[in-house]
Structures are given as C-alpha cells and as structure tokens.
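Undergrad: Encoded as structure tokens, here's the structure I'll be asking about.
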Amino acid sequence: MLRLTSPFTLSFPSISNPNLPSPFPRPSLHLPNFTLQTTSLRINTPPPLSSSISSSVNQTTPISQMEDSLFLYSRAYWVSESVIAWNVDVQNGFCYLLSSKHASLSISNSQIQGEDLKIKLQEDKAGLSAIVVEKFPHIRGYRTFNLPPNSDVKSLLKSQLVVAIYDSDEKCRNCTGLQLPGVLDELFSYNGPLGALFSEEAVSLYLWAPTAQSVCAYIYKHPSGDDPIEIVPLEEEHGVWKTKGPTSWQGCYYVYEVCVYHPSTSRVEKCIANDPYARGRLSSDGRRTFLLNLDSDELKPDGWDNLANEKPILHSFSDISIYELHIRDFSANDLSVQPEFRGGYLAFTLPDSAGVLHLKKLSSAGITHVHLLPTFHFAGVDDQKENWRNVDTSILESLPPDSDQQQALITAVQNFDGYNWGYNPVLWGVPKGSYASIPNGPNRTIEFRKMVQALNHIGLRVVLDTVYNHLQGNGPFDEHSVLDKIVPGYYLRRNTDGFIENSTCMNNSASEHFMVERLILDDLVHWAVNYKIDGFRFDLMGHIMKSTMLNAKNALHRLAKEKEGVDGSNIYIYGEGWDFGEVAKNARGINASQFNLSGTRIGSFNDRIRDSMLGGSPFGNILQQGFVTGLLLQPNGHDHGTEANMKSMLAASMDHIQIGMAGNLQDFVLTNSKGEEVKGSEVLTYGGTPVAFASSPIETVNYVSAHDNETLFDIVSIKTPMDIGVAERCRTNYLATSVIALSQGIPFFHSGDEILRSKSLDRDSYNSGDWFNRLDFTYNSNNWGVGLPPREKNEKSWPLIQPRLADPSFRPQRTDILAAMDNFLSLLRIRYSSPLFRLRTANAIQHRVRFHNTGPSLAHGVIVMSIEDGHDGFPGLSQLDPIYSYIVVVVNASPQEVSFVSPSMQSKNLQLHPIQEMSSDYLVKSSKYEASSGCFSVPRRTTAVFVEPRKI
C-alpha cells in the first residue's frame, strides 16, 4: 500500500520499462505535517525545504534566524546514558546541555534563558561507538559529546532539552533540540506487563511512559458523556506507570492523561490518550478504551477454545494459496445477507449467502488462506453507522457508464461513508468497530472470533493485513494520535532535523527502537492467541527492520497448542519488501526488503513477475504492454520502439516470468533468451536490479494484481488493443491467473480476479466507496462501466478510460464471468492435483523444473515448463507424485494457435490434464500433444497442462 496525499510533494522518475525493480518510486522530499510552536511564536508552515532534507556534516543556523526557530529542530541525538551525538562544528566554543522541567527555555540576544540546569559536555574525539553506529547508521560521523559522570539522566529526560554551542564570550552560536530514543532504549527497555491485566482480585493498568511527568487514568462508566467515576494517579517505576483497581472496573472505559513535554509544541502538554495496548475494543467514537478481559467465557463462541484442533490441515507453507479480500467488499452488496450483517464480520458466518458459497468453491478447489485487508481500529470510517452518509444507488444506476457524475457524488461523501481500505492505523490491537453489528460493548470481539471460526470451518485459514510501518496521527492534539502523546518523539521515525518521516505517506513508525518492536511483537502474538489468526501480511514491510521481522517470526512460531492454544509453526508471514524512502539501502539498519530477507523463510511480493506479465509498472505509462497484454504480438498503438526493441523487451519479460515460475530463486539456473546459462540473481531488470531475490520458494509471493492499482481485468482492458473484443480480454485475464496458479512459490489472488472484477478502471479505490468496489458473487455483473473513476487519482487517464467505458462491447456478460470462474477453479484443482506444483525446496526446483522455449531462437510469447518427478531413470530424485511422473505447462500468450516441438519430450506418454479434458473451455480442450514428434499445439491465449501418468 502506498498512497500519496497532500501536503507531501514527491517527484517520480520517468518509468518506461516493464521491469522496474520496485513498484514504488523513492520520494525526493517529505515534509513535516504537524504544527510547530516556539515559546513565543506559533508557526503554521513548515520550515524551509532544505531543513527537512539537510544532511550536511556541519549543520548550523545563523543566529539571526535562531531566535525564531530555536525549537523547530531536533538535530542532536542522545544515544546512550552518557553520550550525545551532534553534527556540529564546535570550533573554539563549548557545548552545553540545558534543561527546563516547565519548558521555559527561550532565546534573546544570543542568550538562552529559563533553564533549570546547564551542564557542560566534553567532546570525545574517539567518536561514536560501533554499537551506537549499528543502531543509528544514519548519524555515522557525528561528533560525540559526553555528559559528566553521575548526571541525573532519568530526571533530565522528563524536561525540555537543548544542546547549545557557546563562544568564549558566553554567547550562543548554535543550538538544537534532542532526539531521545537511544537513551530511552538503554535506560528503560522493558519486558514486563503492559496494558490492562485482569485477575480475580483486581484490574491492573501498566503504561510505558518514561518521559512523562505524571500519568492519571480516568475511569468512566459509559462509552461517552458523563464525568469519570474515578481519576486515579499512576505511580512510576523505571519508566512504567501502574495502578491497581477493583474488579468492578471490568466493563468500564478509561483514558490516560499524560503530562509530558512534547517537542512539536515546545510545551509540557496534558495529552489525553487511549491505551496503546488496548485489545478488545474502544467506545464507538474511538475516544475511550474498554476494559475487557478477552479470556472471559462470555466472549468466546461455542468451541472457540478447541479451534486450534479444527484448523484446516496445512502440511507445508508451499501448499499455501492466498485470496485477498476486504471485509466490506465481501458482503456490502450481497442481498442474501441480512442488512445489519452486510459489510461486517457476521456476513462470513452465513453458510448459504452468495459470498460464503463462493468462498466454499474456492476452498474446495484449493485456496487455503483468506487475507483480510486491515481489521484493526483505523481512521477514515466512523464506527457509529448512524453518522454515515450515502448516495442513493438508484441515482448512480441511472447515469451513463462513462459519466463523471457517479464519482462526483461518491467523492462528496467519501470521508463520511462506511468505506475505506483501512491503511490509516490508530490502534493496532483492537478490531475495527465499523465491521461489528454493534460497535459498543463486547460485540466486535465476539463477532470477529465468529468470523475466524466460520472461515476455518469452511477450510480457510485467516491472514490479517498489518500496518506497522506508519500511524495515522501524531502530536498532542490529534484525535488519532496515541503513541506520540504517550512518549513523544519515540515511536515515530524522524529525520536528521527532527521532523517525522513520511515516506510511507504518513508518520513512519520506528521498529528499530526497542519498545516499538516490542509493541509490534506483542500485537502479533495477541492476534494469534486471542483471535487465532493464521498469518500476517506486512504493509510496506521494507520500512520495518529485518531483525524485527525475524523476532516476529520466532515469537509466533514459539506459540504452542499446549500452552497458548495455537500452533505457531503454521503461522505464515509475508509482506511488501519494497526498498525506498529513508530506510533504502539499509540507511537506518538492515531493513526487511526483498533481498535482505533471503534465507529467512519470510515471503515477499514478487513485483517482477507482475510487471513482466502486464507491462511497465504501476507508475509507468499505463499503455505499456507486457507478456500477456500483447507486447510485440498484438500492439495497442503505444510507442514501444522498434520491432527489434519489442522483441528484446518480450524476450527479457519471458526470462523474468520463467524465473518467477521457478520460485524467483536466486540460484535457479536458466538458459536465458540470449542462450546463456545464468542464475536468477544474474538476470537483471532494466533498472539493473537482480530479478530473483529468494532462496526458498516460500519466500516468493507471486501475483499480478492486488488491492493496489487497477484490477487485473481493468488493467488488461486498458493495455490490450481496443478492437480485440471482450472474449479475448477474458482469456487474457485467465492467462495471467494461470501463470500465477501454476508457478512455484506462493500464489496470491486479488478477490474478483476469478470473476473478471472491475472497479470501472479506478487505479486507487481505497476511498472510492462501495460503488466502485462492488463485488457480485451472484456472477451477474463484474462492475464494469459504473462511471468514470474518481478524479483525484484517475483524471489524467480519463481520455483513455472514457471511450472504453462508453463502449458496450467491453462489458463481460454473465456467461463470460461464469467461464472465468470455471477456468480459475480448474487452475486451482490442477495446482493441487500434484505436489510437483508445490515443491518445498530450492534444490527440488533446480533439479525438477526446466524451461524449453529458450535461447535466441525462442518463439515469442510461448513459455514451456516441465516438472520431472522421480523414477528409475533418475535415482537422484525421490518420487513425490503417486499419479504423475512428468508435467508440462505450455503458456501461449499469442493471439494465434502455436505449435512447439521439443525433441527432449518426444515419445513421452503425455496427455492433456484430466481436469482440462473435462473443462467447459473448448479452446483448452483442443490442446494437443503428438508423441511421435514431441509437438505441442496450444490455442491462442491458453495455458495447457499435459501430464504423464505414472506407470503402475
């Protein structure tokens, strides 16, 4: 997920090739998004742009400017108990640390006033230690200053702090605030209890807030209104504030009042915040935390404690296939679901609804996991449904398919309706209330559990989409700010000027800090244990440190049925390993990017196979074609260069796809389109990045579409020529899903890929409402042509979009949708008909998988893959498949039938796969193999699978 929203200004490189190594451009600039305040001047605009991207070795602020900007910056780092780092030139001056408990510091006439303490620091010419540099690589080379021994550091950390350079005449030449995570981690790292703990005798509260001056808990009887029934001061011990209350607190609500110095305002603020360790639920307005014991029997559906023993069987992660789904999309328009359940958790519990019947078909064919878009408490959707605003559907339905009126009506209410993808996290550990039938009380916990249980019972494990890379709010006043109110400046990653990094679109979190990582790990274990979740997908995983991901995997895999009621060894984790922003190239430590995760058995999305299949990238020219969309073989009028250039591009794309079909393994040896034997790591994208990044097939998640960007059918409808006809577009959709379904690694499908889902060509439907995101599991409509997509993200493409939406021949009919569904189910059944499609090791793939249409004389647009099983002639290969000894997959992306002769497969006893022999697709059924010549004949835009039955 990457959304770019005001006020950020980013510039993108020109992208014209189909194999950009990452689908996300690197932002060239990101600005602070909070209001800054000095003691004498409130500033509502950001500082000069150079300040937010400054990286000079010697940062200085002219004294004429310093008096107005003293508290805008935090350029120094307190990295350990006795060490402060600052890239400043002391020259002949002296460095001091100044503090003020009441935030009274001010500057006038080159003098800082209002300090409680002024401590002289001693420069350490030895520089920063290796330990500090490893933790903060981006400040390598900063000057080092030591505090005097026996300084009262813990008390100082609760104050406003400034370091300053004074000349010999005692005039301040330079000064700045401090970033504190290093010293906080050293002094206050904590592994004890946090949040609300329940016992038979008491309810206890624990809050980590080492910089707070005081903390109180306000206890309320009701979710809103009224005065607190108690105001309880918490007591601090080593940075943790705690109190113990009566059991009568259960069922009550609470908030914290944290009195703390906040660097964004340069004041000591009284911040009102929810508990960051909130687990069960919030009030319906999101402003109070509910004291809910998740272990209470009243919150458990029948059989909940035994669910671990009823989970669908999973023998290996290689057996996983993933179906990505948004909770609201699933049932918001399903008339077979009662109105109060539509768009929510309980829709999954109705065994005869259209949506559940659809999921049952997918499960029976082989889908193992349903990946749910964010289900935690996020901003953008009011949990109180009575506050939602909606557009009359009958008005929308009356408008032309290419009208701009639908999007105008939808966007007018888009921030007040019930729709949002949910990548705006507020509290990571609380189920979202808008998906519950009643947001107040314990309902959201009970209903969430019923959803998980129902999906497990129809054979589907549940993956949660986690968004630990950023948070919606910051500062002391934002209603969506939680963590930055409790320990300001700690949880959110800051640049070298002290401003919050926003490369992920908002308020990047800092997993390199001990207690941030701990919160992430605790949250994952909470979802796994309390809600019995089976997997986690990490949004913008590359912005999280590799060490955090490894610790997360280990924490989950340690969970045991006997102790926690969960078999953690079956929990799969994967994510977006894009390498961009301030973490790129390990600038903040080794991050969880695609290449860094090799060998970890953590999955990364494979954008290489996506871009090579479809053409270009999500940030390139939308008309650029790829392997399945007609590059060279059926041009769409876009300038792809000369014919020779198109042949080269298509051949390179085929190399990339074949590497992806072999699990995207770095060490897989392929004969490339030039006739050279190369490893996957030696095959390069046009950007010069290796195509392959995995060392195990389960580290690759192959996909061609996801919630981001256009749906598969929509992007196919844009990139293919306008005159080819809807039937051919449907076949292209099928062709793309076939490659994903039959590749080694983990196949991933966006909900609706199997039924030609359209969002009316919307490239970013995160806030486009139910109208543009509709799913129809009755198969009557694929949602094509419901108006021009929202102006904000699509207007520049309207000239391309409008004629397509206006042309009725682009709209699939019910027969097309049903055929697409049948083909998709057949592909899944073929994948699960043989373990050869799900090889578990890199070694097995290297020895069993071969590609035959390679080298300089290759037939363009045709991929031929064979998978060999063990038999007497191959003593080095053990037998895996009791039914088939040899499988051949022929992918024909061309608009004509092709014949391919393979002497190596001559005289084999190959036949069309029985599932395809029984297919309703007459083209697939017409595929042929001639043993005498080793010739395969495959119709246009068709993937045919041939098998050799094992001799008995």
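Going through the structure tokens in order, the chains are called A, B, and so on, while each chain numbers its residues from 1 and the ligands are numbered from 1 in the order shown.
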Got a sec: who's within 10 Å of segment 892-899 of chain A, counting only C-alpha atoms, leaving out chain neighbours fewer than 6 positions off, as JSON, numbers by chain?

TA: {"A": [613, 626, 627, 628, 629, 630, 631, 632, 633, 634, 724, 728, 731, 732, 735, 736, 859, 860, 861, 862, 863, 864, 923, 927, 928, 929, 935, 936, 937, 938, 939, 940, 941, 942, 943, 944]}

Undergrad: Store the residues picked out above in a file with N, CA and C atoms, as a compact mmCIF listing (two decimals), in the first residue's frame.

TA:
```
# COMPACT_ATOMS: atom_id res chain seq x y z
N MET A 613 4.51 -9.63 -16.77
CA MET A 613 3.27 -10.17 -17.33
C MET A 613 2.41 -9.06 -17.92
N GLY A 626 2.89 -5.94 -21.85
CA GLY A 626 3.76 -6.99 -21.37
C GLY A 626 3.43 -8.32 -22.02
N PHE A 627 3.90 -9.38 -21.41
CA PHE A 627 3.81 -10.73 -21.98
C PHE A 627 2.36 -11.12 -22.31
N VAL A 628 1.43 -10.90 -21.37
CA VAL A 628 0.05 -11.35 -21.63
C VAL A 628 -0.81 -10.28 -22.28
N THR A 629 -0.35 -9.03 -22.31
CA THR A 629 -1.22 -7.95 -22.79
C THR A 629 -0.93 -7.52 -24.22
N GLY A 630 -0.05 -8.26 -24.93
CA GLY A 630 0.08 -8.04 -26.36
C GLY A 630 1.39 -7.45 -26.84
N LEU A 631 2.38 -7.30 -25.96
CA LEU A 631 3.66 -6.74 -26.38
C LEU A 631 4.19 -7.49 -27.61
N LEU A 632 4.52 -6.76 -28.66
CA LEU A 632 5.01 -7.27 -29.94
C LEU A 632 3.94 -8.01 -30.73
N LEU A 633 3.19 -8.88 -30.07
CA LEU A 633 2.29 -9.81 -30.77
C LEU A 633 0.96 -9.18 -31.14
N GLN A 634 0.50 -8.20 -30.41
CA GLN A 634 -0.75 -7.51 -30.73
C GLN A 634 -0.66 -6.09 -30.18
N ILE A 724 -10.05 -5.78 -29.89
CA ILE A 724 -9.90 -7.24 -29.87
C ILE A 724 -11.14 -7.98 -29.38
N GLU A 728 -11.57 -11.94 -25.80
CA GLU A 728 -10.12 -12.07 -25.77
C GLU A 728 -9.55 -11.44 -24.50
N ARG A 731 -9.92 -14.00 -21.88
CA ARG A 731 -8.89 -15.03 -21.99
C ARG A 731 -7.55 -14.52 -21.46
N THR A 732 -7.28 -13.24 -21.67
CA THR A 732 -6.04 -12.67 -21.14
C THR A 732 -6.06 -12.67 -19.62
N LEU A 735 -5.32 -16.12 -18.66
CA LEU A 735 -3.93 -16.46 -18.91
C LEU A 735 -3.03 -15.97 -17.78
N ALA A 736 -3.27 -14.73 -17.33
CA ALA A 736 -2.45 -14.17 -16.25
C ALA A 736 -2.61 -14.96 -14.97
N ALA A 859 10.46 -18.96 -29.55
CA ALA A 859 9.19 -18.48 -30.10
C ALA A 859 8.62 -17.45 -29.14
N HIS A 860 8.44 -16.23 -29.59
CA HIS A 860 7.99 -15.17 -28.72
C HIS A 860 6.56 -15.41 -28.25
N GLY A 861 6.35 -15.20 -26.95
CA GLY A 861 5.01 -15.31 -26.39
C GLY A 861 4.64 -16.70 -25.94
N VAL A 862 5.60 -17.63 -25.91
CA VAL A 862 5.31 -19.01 -25.51
C VAL A 862 6.30 -19.43 -24.42
N ILE A 863 5.79 -19.88 -23.31
CA ILE A 863 6.61 -20.42 -22.23
C ILE A 863 6.28 -21.89 -22.07
N VAL A 864 7.31 -22.72 -22.05
CA VAL A 864 7.13 -24.16 -21.90
C VAL A 864 7.93 -24.61 -20.68
N LEU A 923 -11.44 -24.15 -26.06
CA LEU A 923 -10.09 -23.91 -26.54
C LEU A 923 -9.07 -24.73 -25.77
N SER A 927 -6.31 -28.42 -27.04
CA SER A 927 -4.85 -28.51 -26.97
C SER A 927 -4.42 -29.94 -27.25
N LYS A 928 -3.29 -30.08 -27.95
CA LYS A 928 -2.86 -31.41 -28.40
C LYS A 928 -1.36 -31.62 -28.15
N TYR A 929 -1.01 -32.92 -28.01
CA TYR A 929 0.39 -33.34 -27.96
C TYR A 929 0.56 -34.54 -28.87
N CYS A 935 5.47 -32.71 -30.46
CA CYS A 935 4.89 -31.41 -30.80
C CYS A 935 3.66 -31.12 -29.95
N PHE A 936 3.67 -29.92 -29.36
CA PHE A 936 2.52 -29.43 -28.61
C PHE A 936 1.79 -28.38 -29.45
N SER A 937 0.47 -28.49 -29.53
CA SER A 937 -0.34 -27.48 -30.20
C SER A 937 -1.29 -26.89 -29.17
N VAL A 938 -1.19 -25.56 -28.98
CA VAL A 938 -1.97 -24.89 -27.94
C VAL A 938 -2.67 -23.69 -28.56
N PRO A 939 -3.98 -23.56 -28.36
CA PRO A 939 -4.72 -22.43 -28.94
C PRO A 939 -4.29 -21.08 -28.36
N ARG A 940 -4.82 -20.04 -28.97
CA ARG A 940 -4.47 -18.67 -28.59
C ARG A 940 -4.81 -18.42 -27.12
N ARG A 941 -4.01 -17.59 -26.48
CA ARG A 941 -4.24 -17.13 -25.11
C ARG A 941 -4.74 -18.27 -24.20
N THR A 942 -3.96 -19.32 -24.20
CA THR A 942 -4.35 -20.52 -23.46
C THR A 942 -3.15 -21.09 -22.73
N THR A 943 -3.38 -21.56 -21.54
CA THR A 943 -2.39 -22.36 -20.81
C THR A 943 -2.88 -23.79 -20.76
N ALA A 944 -2.10 -24.68 -21.33
CA ALA A 944 -2.45 -26.10 -21.37
C ALA A 944 -1.47 -26.87 -20.50
```

Undergrad: Quick one: pick out all alpha helix (DSSP H) residues within segment 90-224 of chain A from a backbone DSSP run and write them as an MDAnalysis selection string.

TA: chainID A and resid 130:135 153:156 181:188

Undergrad: For the residues in that selection, give me C-alpha atoms as a PDB file, in the first residue's frame.

TA:
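Generated file (result02.pdb):
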```pdb
ATOM      1  CA  ALA A 130      30.365   0.706  16.957  1.00  0.00           C
ATOM      2  CA  ILE A 131      27.257  -0.217  18.946  1.00  0.00           C
ATOM      3  CA  VAL A 132      25.779   3.237  18.507  1.00  0.00           C
ATOM      4  CA  VAL A 133      26.639   3.340  14.785  1.00  0.00           C
ATOM      5  CA  GLU A 134      24.982  -0.042  14.281  1.00  0.00           C
ATOM      6  CA  LYS A 135      21.800   1.233  15.916  1.00  0.00           C
ATOM      7  CA  VAL A 153      19.760  11.470  33.325  1.00  0.00           C
ATOM      8  CA  LYS A 154      16.350   9.974  34.169  1.00  0.00           C
ATOM      9  CA  SER A 155      15.157  13.248  35.602  1.00  0.00           C
ATOM     10  CA  LEU A 156      16.577  15.247  32.696  1.00  0.00           C
ATOM     11  CA  PRO A 181      15.167   7.019  21.518  1.00  0.00           C
ATOM     12  CA  GLY A 182      18.765   5.846  22.030  1.00  0.00           C
ATOM     13  CA  VAL A 183      18.991   6.781  25.683  1.00  0.00           C
ATOM     14  CA  LEU A 184      15.402   5.665  26.340  1.00  0.00           C
ATOM     15  CA  ASP A 185      16.188   2.235  24.925  1.00  0.00           C
ATOM     16  CA  GLU A 186      19.323   1.935  27.034  1.00  0.00           C
ATOM     17  CA  LEU A 187      17.733   3.011  30.299  1.00  0.00           C
ATOM     18  CA  PHE A 188      14.102   1.961  30.003  1.00  0.00           C
TER      19      PHE A 188
END
```

Undergrad: With only C-alpha atoms as the atoms that count, which of A:Gly603, A:Pro903, A:Pro697, A:Pro803 lies nearest to Ser743 of chain A?

TA: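 So, comparing all the options, the nearest one is A:Pro697.
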
Undergrad: Each residue of segment 416-524 of chain A lying at most 12 Å from segment 387-404 of chain A should get a row with its shortest atom-to-atom pair and the distance in Å to one decimal, counting only C-alpha atoms; could you produce that, ordered by chain and increasing number, as CSV?

TA:
```
residue,atom,partner,partner_atom,distance
A:Phe416,CA,A:Trp388,CA,5.4
A:Asp417,CA,A:Trp388,CA,4.7
A:Gly418,CA,A:Trp388,CA,6.2
A:Tyr419,CA,A:Trp388,CA,9.6
A:Ser434,CA,A:Trp388,CA,10.4
```

Undergrad: Output C-alpha atoms of each residue in that selection to a file, as a PDB file, in the first residue's frame.

TA:
```
ATOM      1  CA  PHE A 416     -18.266  10.247   5.724  1.00  0.00           C
ATOM      2  CA  ASP A 417     -19.421   6.872   4.392  1.00  0.00           C
ATOM      3  CA  GLY A 418     -18.626   3.376   5.648  1.00  0.00           C
ATOM      4  CA  TYR A 419     -15.810   2.653   3.215  1.00  0.00           C
ATOM      5  CA  SER A 434     -17.498  -0.412  11.897  1.00  0.00           C
TER       6      SER A 434
END
```

Undergrad: Could you tell me how far atom CA of Ala510 of chain A sits from atom CA of Ser266 of chain A, in Å to one decimal place?

TA: 21.8 Å

Undergrad: For atom CA of His369 of chain A and atom CA of Asp297 of chain A, determine how far apart the two atoms are, in Å to one decimal place.

TA: 27.3 Å

Undergrad: What is the distance, in Å and to one decimal place, between atom CA of Leu205 of chain A and atom CA of Lys244 of chain A?

TA: 6.4 Å

Undergrad: Could you pull the residues within 12 Å of Tyr206 of chain A, counting only C-alpha atoms, minus those fewer than 4 positions along the same chain, as a PyMOL selection string?

TA: chain A and resi 190-198+215-217+233-245+256+275-278

Undergrad: So which one's closest to Leu761 of chain A, A:Gly785, A:Gly725, A:Gly620, A:Pro263? Using only C-alpha atoms, please.

TA: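 Among A:Gly785, A:Gly725, A:Gly620, A:Pro263, it is A:Gly785 that comes nearest to Leu761 of chain A.
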
Undergrad: Taking only C-alpha atoms into account, which of A:Glu269, A:Glu479, A:Glu682, A:Glu677 comes nearest His102 of chain A?

TA: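 When distances to His102 of chain A are compared using only C-alpha atoms, the smallest one comes from A:Glu269.
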
Undergrad: Residues within 12 Å of Val701 of chain A, please, as a PDB file with C-alpha atoms, in the first residue's frame. Count only C-alpha atoms; anything in the same chain fewer than 3 positions from it doesn't count.

TA:
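And here is the file that came out, out-v4.pdb:
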```pdb
ATOM      1  CA  PHE A 317       3.915 -23.391   3.631  1.00  0.00           C
ATOM      2  CA  SER A 318       4.459 -24.414   0.000  1.00  0.00           C
ATOM      3  CA  ILE A 320      -0.474 -22.119   0.684  1.00  0.00           C
ATOM      4  CA  SER A 321      -2.524 -20.123  -1.812  1.00  0.00           C
ATOM      5  CA  ILE A 322      -3.910 -16.743  -0.796  1.00  0.00           C
ATOM      6  CA  TYR A 323      -7.131 -14.906  -1.631  1.00  0.00           C
ATOM      7  CA  ARG A 537       0.796  -9.712   5.749  1.00  0.00           C
ATOM      8  CA  TYR A 572       2.944 -17.697   7.729  1.00  0.00           C
ATOM      9  CA  ILE A 573       4.204 -14.126   7.385  1.00  0.00           C
ATOM     10  CA  TYR A 574       4.890 -12.148   4.227  1.00  0.00           C
ATOM     11  CA  GLY A 575       4.791  -8.585   3.016  1.00  0.00           C
ATOM     12  CA  GLU A 576       5.832  -5.785   0.695  1.00  0.00           C
ATOM     13  CA  GLY A 577       9.623  -5.773   0.664  1.00  0.00           C
ATOM     14  CA  GLN A 594      13.258  -8.342  -0.674  1.00  0.00           C
ATOM     15  CA  ARG A 601      11.531 -18.052   5.060  1.00  0.00           C
ATOM     16  CA  ILE A 602       9.506 -14.827   5.184  1.00  0.00           C
ATOM     17  CA  GLY A 603       7.581 -14.129   1.994  1.00  0.00           C
ATOM     18  CA  SER A 604       7.951 -11.062  -0.237  1.00  0.00           C
ATOM     19  CA  PHE A 605       5.665  -9.969  -3.053  1.00  0.00           C
ATOM     20  CA  ASN A 606       7.223 -10.603  -6.461  1.00  0.00           C
ATOM     21  CA  ASP A 607       6.656  -7.424  -8.474  1.00  0.00           C
ATOM     22  CA  ARG A 608       8.950  -8.721 -11.249  1.00  0.00           C
ATOM     23  CA  ILE A 609       6.528 -11.363 -12.466  1.00  0.00           C
ATOM     24  CA  ARG A 610       3.627  -8.908 -12.200  1.00  0.00           C
ATOM     25  CA  GLY A 660       9.262 -16.262 -11.178  1.00  0.00           C
ATOM     26  CA  MET A 661       7.644 -19.551 -12.168  1.00  0.00           C
ATOM     27  CA  ALA A 662      10.674 -21.285 -10.668  1.00  0.00           C
ATOM     28  CA  GLY A 663      10.046 -19.611  -7.306  1.00  0.00           C
ATOM     29  CA  ASN A 664      12.097 -16.495  -8.108  1.00  0.00           C
ATOM     30  CA  LEU A 665      15.129 -18.294  -6.725  1.00  0.00           C
ATOM     31  CA  PHE A 693      15.629 -12.433  -4.519  1.00  0.00           C
ATOM     32  CA  ALA A 694      14.542 -15.688  -2.837  1.00  0.00           C
ATOM     33  CA  SER A 696      13.328 -20.728  -0.818  1.00  0.00           C
ATOM     34  CA  PRO A 697      10.064 -20.915  -2.785  1.00  0.00           C
ATOM     35  CA  ILE A 698       8.048 -19.836   0.241  1.00  0.00           C
ATOM     36  CA  VAL A 704      -0.417  -9.985 -10.923  1.00  0.00           C
ATOM     37  CA  SER A 705      -2.970  -7.913  -9.030  1.00  0.00           C
ATOM     38  CA  ALA A 706      -3.819  -6.816  -5.501  1.00  0.00           C
ATOM     39  CA  ILE A 740       0.375 -17.440 -11.014  1.00  0.00           C
ATOM     40  CA  ALA A 741      -1.604 -20.580 -10.181  1.00  0.00           C
ATOM     41  CA  SER A 743       4.177 -21.313 -10.551  1.00  0.00           C
ATOM     42  CA  GLN A 744       6.408 -22.485  -7.739  1.00  0.00           C
ATOM     43  CA  GLY A 745       6.130 -20.281  -4.668  1.00  0.00           C
ATOM     44  CA  ILE A 746       3.010 -18.862  -3.015  1.00  0.00           C
ATOM     45  CA  PRO A 747       0.207 -17.805  -5.401  1.00  0.00           C
ATOM     46  CA  PHE A 748      -1.714 -14.694  -4.418  1.00  0.00           C
ATOM     47  CA  PHE A 749      -5.004 -13.563  -5.960  1.00  0.00           C
TER      48      PHE A 749
END
```

Undergrad: Taking 4 positions as the minimum chain separation for residues in the same chain, which residues sit within 10 Å of Thr600 of chain A when counting only C-alpha atoms? Answer as a VMD selection string.

TA: chain A and resid 546 549 to 550 553 596 694 to 696 698 to 699

Undergrad: Would you list the contacts of segment 117-119 of chain A as a list in words, taking every protein, DNA or RNA residue within 8 Å and counting only C-alpha atoms, but skipping same-chain residues closer than 3 positions in sequence?

TA: Tyr96, Leu97, Leu98, Ser99, Ser100, Leu147 and Pro148 of chain A

Undergrad: Can you spit out the residues from that selection as a compact mmCIF listing (two decimals), in the first residue's frame, using C-alpha atoms?

TA:
```txt
# COMPACT_ATOMS: atom_id res chain seq x y z
CA TYR A 96 26.26 22.59 26.94
CA LEU A 97 23.08 20.67 27.70
CA LEU A 98 20.27 22.84 29.03
CA SER A 99 17.01 21.61 30.56
CA SER A 100 13.76 23.09 31.79
CA LEU A 147 27.88 14.04 29.98
CA PRO A 148 29.61 14.36 33.33
```
